[in-house]
Number of protein chains: 2
Amino acid sequence: MAENTRLTLTKASEHIHGYTYGTAEVTKSPVSIQELESLKVSVGFTEEDQRYLRVAGEVLADQLKELVDHWRGDIIAKIPNLARHSRSLEGEPLPDYSAKSGLRFQQWILDTCFRPYDQDWINYQQEIALRHTSLKKNQVDGVTSTPYVSLRDIIAFVAVMDETVKPFLAAKGHPGAEVDRMHNAWCKSLQLQLALWTRSYMDAAQLKNEW
Amino acid sequence: MAENTRLTLTKASEHIHGYTYGTAEVTKSPVSIQELESLKVSVGFTEEDQRYLRVAGEVLADQLKELVDHWRGDIIAKIPNLARHSRSLEGEPLPDYSAKSGLRFQQWILDTCFRPYDQDWINYQQEIALRHTSLKKNQVDGVTSTPYVSLRDIIAFVAVMDETVKPFLAAKGHPGAEVDRMHNAWCKSLQLQLALWTRSYMDAAQLKNEW
């Protein structure tokens, strides 16, 4: 594998504004490795899934922008209730915000496929979730947009990503059974992440219910 | 369609203990039809999905017990963290509780496939969720078991049901593309229901965080 490809697999871009994975800026999550392991058992997420996520990552690595553009341009942009979260309160586009969060969105795909699911990963799931609640949304990019994304819309959009990633997973000509395995692994990982994200929403709900 | 079959499609059994769908015993949910419609748009749940859920329901109708037994006997029973929720606090089986909640579980499959998603359906999603929180778990069957099922385990088990329902959907020999459509519709419906269930957990979290 060429050095260039290896770089692609690790980072969606050389500099990603606000991407703080594994740094001291990321607060430690109250969720432990033991709780994550238990959650993996409940989801049925196995080492085989982890392997198939790596294959999925190799398949998606040169389609990151296309995939995120599909989610944002073809789906979110057409659903006003979702589109507003990346716009100003007056509904104007915020191109700089969209560009920066779009790169982080691309990187999240790579992290889903390639990162070890360890304490750094757990901590960053919390960071991702908080950046969708009123505790941290808009802050890293210094914008004025909706104060938070409702938990229910996060849950809903996981279903959308699960359904719409499939043709991208099939785009490199893998046999149907392999694509199914990549897809199963992807869906289970997203549900695992969703379970972690709800922890932050549940904690925040004790102050303010952002369902 | 014979009258008998029609009955099967509506009810998993003539009498289902604690099944109060559509009755005055079910509290009205604070979630409105408009919020549900908006959520369907976010999930990408269309009329075609509703049609394919009906097909799925016809496929699953004579496999209800087999499917629920598979989830409970082959999966939940082997995961102590999940199995404890249908046992006594000492870990003993509670056969009467399991039988009654098992029938309701079967009926939930039929309701997922055949019920119109209206205010009664919204209200019953709240009832289902509350029966997994400490506000209502164990009450309808008068048992002493774990006080609640963690939200994260509900989220995790949705992924399990999504993955494991597929061979049951394929069991009647439908072409692969049809099975995929049934499966997509199923996954979207479950995620929609999950979004509704989290509302009850978020409300309850203001008293006590049951993540």
# chains A, B, ... in the order shown; residues from 1 in each chain; ligands from 1
>>> closest_atom_pairs(of="chain B", to="chain A", cutoff="9 Å", atoms="only C-alpha atoms", output="CSV")
residue,atom,partner,partner_atom,distance
B:Ser38,CA,A:Asn81,CA,7.7
B:Leu39,CA,A:Ala156,CA,6.9
B:Lys40,CA,A:Ala156,CA,8.1
B:Val41,CA,A:Ile79,CA,7.4
B:Ser42,CA,A:Ala156,CA,5.7
B:Val43,CA,A:Ala156,CA,4.5
B:Gly44,CA,A:Val160,CA,6.5
B:Ile75,CA,A:Ser42,CA,8.9
B:Ile76,CA,A:Ser42,CA,8.3
B:Ile79,CA,A:Ser42,CA,7.1
B:Asn81,CA,A:Ser38,CA,7.7
B:Leu82,CA,A:Ser42,CA,7.4
B:Leu151,CA,A:Ala195,CA,7.8
B:Arg152,CA,A:Ala195,CA,5.0
B:Asp153,CA,A:Ser42,CA,6.5
B:Ile154,CA,A:Ala195,CA,8.8
B:Ile155,CA,A:Ala195,CA,5.9
B:Ala156,CA,A:Val43,CA,4.5
B:Phe157,CA,A:Val43,CA,5.9
B:Val158,CA,A:Val43,CA,8.1
B:Ala159,CA,A:Lys188,CA,5.9
B:Val160,CA,A:Val43,CA,5.8
B:Glu163,CA,A:Asn184,CA,6.9
B:Asn184,CA,A:Glu163,CA,6.9
B:Cys187,CA,A:Ala159,CA,7.2
B:Lys188,CA,A:Ala159,CA,5.9
B:Gln191,CA,A:Ala156,CA,6.4
B:Leu192,CA,A:Ala156,CA,6.5
B:Leu194,CA,A:Ile155,CA,7.7
B:Ala195,CA,A:Arg152,CA,5.0
B:Leu196,CA,A:Arg152,CA,7.5
B:Thr198,CA,A:Trp211,CA,7.5
B:Arg199,CA,A:Trp211,CA,6.0
B:Tyr201,CA,A:Met202,CA,7.9
B:Met202,CA,A:Met202,CA,5.9
B:Asp203,CA,A:Asn209,CA,7.0
B:Ala205,CA,A:Gln206,CA,6.0
B:Gln206,CA,A:Gln206,CA,4.4
B:Leu207,CA,A:Gln206,CA,7.3
B:Lys208,CA,A:Gln206,CA,8.1
B:Asn209,CA,A:Met202,CA,6.5
B:Glu210,CA,A:Met202,CA,8.1
B:Trp211,CA,A:Arg199,CA,6.0
>>> residues_around(residues="B:Pro30", least_positions_apart="2", cutoff="9 Å", atoms="only C-alpha atoms", output="PyMOL selection string")
chain B and resi 28+32+123
>>> write_last_selection(atoms="all heavy atoms", output="JSON list (two decimals), in the first residue's frame")
[["chain", "number", "residue", "atom", "x", "y", "z"],
["B", 28, "LYS", "N", -52.28, 9.06, 26.71],
["B", 28, "LYS", "CA", -51.96, 9.77, 25.47],
["B", 28, "LYS", "C", -50.51, 10.24, 25.52],
["B", 28, "LYS", "O", -50.04, 10.75, 26.53],
["B", 28, "LYS", "CB", -52.90, 10.97, 25.31],
["B", 28, "LYS", "CG", -52.80, 11.63, 23.93],
["B", 28, "LYS", "CD", -53.94, 12.63, 23.71],
["B", 28, "LYS", "CE", -53.99, 13.13, 22.28],
["B", 28, "LYS", "NZ", -52.80, 13.86, 21.84],
["B", 32, "SER", "N", -47.10, 14.32, 18.89],
["B", 32, "SER", "CA", -48.24, 14.55, 18.01],
["B", 32, "SER", "C", -48.06, 13.82, 16.68],
["B", 32, "SER", "O", -46.96, 13.39, 16.33],
["B", 32, "SER", "CB", -48.38, 16.04, 17.74],
["B", 32, "SER", "OG", -47.26, 16.48, 16.98],
["B", 123, "ASN", "N", -49.34, 6.42, 20.92],
["B", 123, "ASN", "CA", -49.60, 6.23, 22.36],
["B", 123, "ASN", "C", -49.06, 4.89, 22.84],
["B", 123, "ASN", "O", -48.50, 4.78, 23.93],
["B", 123, "ASN", "CB", -51.11, 6.29, 22.64],
["B", 123, "ASN", "CG", -51.71, 7.64, 22.30],
["B", 123, "ASN", "OD1", -50.99, 8.63, 22.10],
["B", 123, "ASN", "ND2", -53.03, 7.70, 22.21]]
>>> residues_around(residues="A:Asp111", least_positions_apart="2", cutoff="10 Å", atoms="only C-alpha atoms", output="list in words")
Leu9, Thr10, Lys11, Ala12, Tyr21, Gly57, Phe105, Gln106, Gln107, Trp108, Ile109, Cys113, Phe114, Arg115, Pro116, Tyr117 and Trp121 of chain A
>>> residues_around(residues="stretch 91-102 of chain B", least_positions_apart="2", cutoff="10 Å", atoms="only C-alpha atoms", output="number ranges by chain")
B: 15-19, 64-65, 68-69, 72, 80, 83-89, 104-108, 138, 140-146
>>> atom_distance(atom1="atom CA of A:Lys172", atom2="atom CA of A:His70")
17.6 Å
>>> atom_distance(atom1="atom CA of A:Glu127", atom2="atom CA of A:Trp71")
21.4 Å
>>> atom_distance(atom1="atom CA of B:Asp62", atom2="atom CA of B:Thr164")
16.6 Å
>>> select_by_dssp(residues="stretch 2-171 of chain A", states="helix (DSSP H, G or I)", output="PyMOL selection string")
chain A and resi 3-10+33-43+47-78+80-86+95-114+119-130+151-164+166-169
